[in-house]
Amino acid sequence: MGVKLLLEKAHVEGIRSYEVYRREGGYRAVEKALKTMSPDAVTEEVKKSGLRGRGGAGFPSGMKWSFLAKPEGVPRHLVCNADESEPGTFKDRYLMEFLPHLLIEGLIVSSFALGSNATYIYIRGEYAWIPDILEQAIAEAKANGWLGKNILGSGFDCEIYVQRGAGAYICGEETALIESLEGKRGNPRIKPPFPAVKGVWDRPTVVNNVETLAAVVPIINMGGEEYAKIGVGRSTGTKLISACGNINKPGVYEIDMTISVEEFIYSDEYCGGIKNGKRLKACIPGGSSVPILPANLLLKTAKGETRYMNYESLSDGGFATGSMMGSGGFIVLDEDQCVVKNTYTLARFYRHESCGQCSPCREGTGWMEKILKNIDMGKGKMSDIDLLWDIQRKIEGNTICPLGDAAAWPVAAAIRHFRDEFEWHVKNPQECLTRNYGLANYADPLEVKSEM
Amino acid sequence: MSEEKKLFKVTIDNITVEVEPGTTILNAARQIGGEVTPPAMCYYSKLKNSGGKCRTCLVEVAAGSTADPRPMPKLVASCRTTVMDGMIVKNITSERVLDARAGVVEFLLLNHPLDCPICDQAGECHLQDLSYEHGKEGTRYEFNRRTFKKHDLGEYIQLHMTRCILCYRCVFTADQLTNKRVHGILDRGDHAEIATYIEKSLDNDFIGNVIDVCPVGALTDKTFRFKNRVWFTKPVDAHRDCSKCCGEVQLWMRGDEVFRVTARKDEWGEVKDSTKGGPGWICNECRFEKKDAKDWTIDGPTQVNRHSVISQGHYVNVVKPKETLPDVMGGRGPKLLMNIHNVSEVNRPEIELSKIAGPAHSDDFKNSLDNGK
């Protein structure tokens, strides 16, 4: 049984209500931070903990906080990014739905560290029922003196507001989120200036993921150094993984980043193996935008070492033979799944969600989708595969925000690792409509190149 | 100058230039000029917050600054990246940049109708220039292109979204020049479109400037649509006293007929600063309603870059040659051999060419189909 920090109390009856949460030791972190620590000391603890952003990029959170500009007389803001729209990712929903007070507690402590008197939770429009849960939790916290003026006599004022988005993937990008929060069209801003200098209403702003902010609570409770002892290397603490796809037990799991991918998929404590006794074909380990990996590269790195569920190990080998931890949306594909169709579905998603601001992403995502649709329908040509490769290469890195990269990576990885399957679709236009390519050799042990 | 300002040294394609701190790479390159200047489809120096969207101006930064000489990992949009002292930028000397730019041009042309033969913008279209310089002939796109219906934005402006490249310049113009926000983007992704809410007309005095800032033929002047090709008309600088704007314009004339009025443009295709200071935006009255040469005081022919198609047949500083015909004819006058009107059925035979005072006017050559009406 791994260490549980966030979901430890998730199954306590009535944990959603303030009374139960407080009885189970809730709001201790606020007490500790506001009564015994200075804002800088809180930031220092977060730095020591080695906590990395849980939204996908994995940027060290303490470092991000220390970049926040602090000009005199200008208010600063903390924004919680609850616009969790990455296909395959649903960990934040679980947290907010079952442990709303954990997020509120984390928000209060983080607001204190950053000096934010008005903190916002930007939540995606599709989570229609969750704002009510959060607002109820905020009202309860306020009634009990954890929010409002002069919290616990520390002289620190804080209010938390919930802002509903209108349902756009792009608003999960921090600058687009800020635009949307300001009431404008959710187009990503051009950086620099970064939000740490000019964010909401041109004020210094920190945007953090729900899970990152919730993780601040155990960090303050146990101390940054203790927190850093969990996990391995630069992947400290615990991570929520939302597992889905062809597995026996889909759901949200908290892992301490020391288990192997194989254990995560096959052990009964986590995913419980592949459904219906099928074999593993491929997996997208960190949400739809990270590169897809075939079974053999997923379980072992190119060097033949076991792959673990942490930031470093999942990205071992770079994009050539590795993937990314991403947001923790673990999507498992069994031998009956078609990678071409899967890639087409993702391309369709990114085309639909592109904001249309910069040309490579606006035009390129649509083009890729149309070509992939053709290949999937058995109307593809051999040259289309190379064309796809060329298009993704011209989108990646040339766009304003990472959505362009996110659209390019899945296509690139699918062609890189599953080119056989694409070619089979082109060569067998009739057959590909009736049956799938199957497992082929994607689970075969890799030939390990010995180093000279 | 009271205080010596520290200038930043920046090297673009091995040419070093000194610029003021805060200058963007693109503007530094414009100070050098020539082909080291990255193309810009969406950036417009007179509009705040413009730029960064089209990605044609991407450049490689080989060294960030003297203090931190690390290269930037990604290509950067030169129109929105400010220079640092000692920065080394590669534009046309970088393979990566040329490759990315070719990609961007391909993306921009993907859904563009390429209807240049019937487009009023042809000849002064930035996308046309860009595709000649950086594009490939032929396309790899095998699908139907996106089309939209044409919309009239008020009495004078027509929007043809099919040609639009979503540079957002007109949105910024509408935001910054007019005091009402009447014009913006609807939808997102590849079906995003420029629109006014529920086809509201645009009636602000300065809204006509959206035509000038449009790099393509998406926003056109309805008083000029299909009237003439820009390279047949000759631009002259002119001015009038206007209570609303600076009144300094370019008249696009053919003979003594004014076909079109626009603001004066600089070498980058942007509106020039007026002599009274500030950008020389012009009002709707000057642009659309003063189509008579009598309304204007003509300052002289506009200088047109000799590489521009508009310079065809457009002469600046004309020197009138001496009359050679009587010389050649030994003092005799030319003799009319055959009156073409006598044999042609296209034109009205009752009009005698030699009777027309001054250069022929389109009124003189109305199609015979018009006669019956």
# chains A, B, ... in the order shown; residues from 1 in each chain; ligands from 1

call {"tool": "residues_around", "arguments": {"residues": "range 237-243 of chain B", "least_positions_apart": "4", "cutoff": "9 Å", "atoms": "only C-alpha atoms", "output": "list in words"}}
result
Gly247, Glu248, Val249, Gln250, Leu251, Trp252, Arg264, Cys283, Glu285, Cys286, Asp295, Trp296, Thr297, Ile298, Asp299, Gly300, Pro301 and Thr302 of chain B

call {"tool": "write_last_selection", "arguments": {"atoms": "C-alpha atoms", "output": "PDB file, in the first residue's frame"}}
result
ATOM      1  CA  GLY B 247      -7.194  65.010 -44.519  1.00  0.00           C
ATOM      2  CA  GLU B 248      -3.948  63.677 -45.982  1.00  0.00           C
ATOM      3  CA  VAL B 249      -4.677  60.887 -48.403  1.00  0.00           C
ATOM      4  CA  GLN B 250      -3.652  59.033 -51.485  1.00  0.00           C
ATOM      5  CA  LEU B 251      -5.932  59.357 -54.480  1.00  0.00           C
ATOM      6  CA  TRP B 252      -5.916  56.443 -56.862  1.00  0.00           C
ATOM      7  CA  ARG B 264      -0.986  57.246 -47.161  1.00  0.00           C
ATOM      8  CA  CYS B 283     -12.326  59.491 -41.927  1.00  0.00           C
ATOM      9  CA  GLU B 285     -16.092  61.165 -45.495  1.00  0.00           C
ATOM     10  CA  CYS B 286     -12.648  61.627 -47.045  1.00  0.00           C
ATOM     11  CA  ASP B 295     -12.388  68.095 -53.741  1.00  0.00           C
ATOM     12  CA  TRP B 296      -8.665  67.710 -53.319  1.00  0.00           C
ATOM     13  CA  THR B 297      -5.446  69.674 -53.565  1.00  0.00           C
ATOM     14  CA  ILE B 298      -3.013  67.365 -55.277  1.00  0.00           C
ATOM     15  CA  ASP B 299       0.509  67.392 -53.858  1.00  0.00           C
ATOM     16  CA  GLY B 300       2.126  65.199 -56.490  1.00  0.00           C
ATOM     17  CA  PRO B 301       2.612  61.573 -57.460  1.00  0.00           C
ATOM     18  CA  THR B 302       3.223  59.096 -54.662  1.00  0.00           C
TER      19      THR B 302
END

call {"tool": "closest_atom_pairs", "arguments": {"of": "chain B", "to": "chain A", "cutoff": "8 Å", "atoms": "only C-alpha atoms", "output": "CSV"}}
result
residue,atom,partner,partner_atom,distance
B:Gly52,CA,A:Ile190,CA,6.7
B:Lys53,CA,A:Cys358,CA,4.4
B:Cys54,CA,A:Cys358,CA,5.3
B:Arg55,CA,A:Cys358,CA,6.8
B:Leu58,CA,A:Asn398,CA,7.9
B:Lys74,CA,A:Gly397,CA,6.1
B:Leu75,CA,A:Asn398,CA,6.7
B:Val76,CA,A:Asn398,CA,7.9
B:Arg80,CA,A:Ile190,CA,7.8
B:Thr81,CA,A:Pro192,CA,7.9
B:Ala100,CA,A:Lys394,CA,6.0
B:Gly103,CA,A:Lys394,CA,5.7
B:Val104,CA,A:Pro360,CA,5.9
B:Phe107,CA,A:Glu363,CA,5.5
B:Leu108,CA,A:Ser359,CA,6.3
B:Leu110,CA,A:Glu363,CA,7.0
B:Asn111,CA,A:Glu363,CA,7.8
B:Tyr141,CA,A:Trp367,CA,7.7
B:Phe143,CA,A:Lys370,CA,7.8
B:Ile165,CA,A:Ser359,CA,7.8
B:Leu166,CA,A:Gln357,CA,7.1
B:Cys167,CA,A:Gln357,CA,7.9
B:Arg188,CA,A:Cys355,CA,4.8
B:Gly189,CA,A:Gly356,CA,3.7
B:Asp190,CA,A:Arg362,CA,5.2
B:His191,CA,A:Gly356,CA,7.8
B:Ala192,CA,A:Gly356,CA,6.3

call {"tool": "select_by_dssp", "arguments": {"residues": "range 14-143 of chain A", "states": "alpha helix (DSSP H)", "output": "JSON, numbers by chain"}}
result
{"A": [18, 19, 20, 21, 22, 23, 28, 29, 30, 31, 32, 33, 34, 35, 36, 39, 40, 41, 42, 43, 44, 45, 46, 47, 48, 49, 61, 62, 63, 64, 65, 66, 91, 92, 93, 94, 95, 96, 97, 98, 100, 101, 102, 103, 104, 105, 106, 107, 108, 109, 110, 111, 112, 113, 114, 130, 131, 132, 133, 134, 135, 136, 137, 138, 139, 140, 141, 142, 143]}

call {"tool": "closest_residue", "arguments": {"among": "A:Ala41, A:Arg164, A:Tyr437, A:Cys432", "to": "Gly223 in chain A", "atoms": "only C-alpha atoms"}}
result
A:Ala41
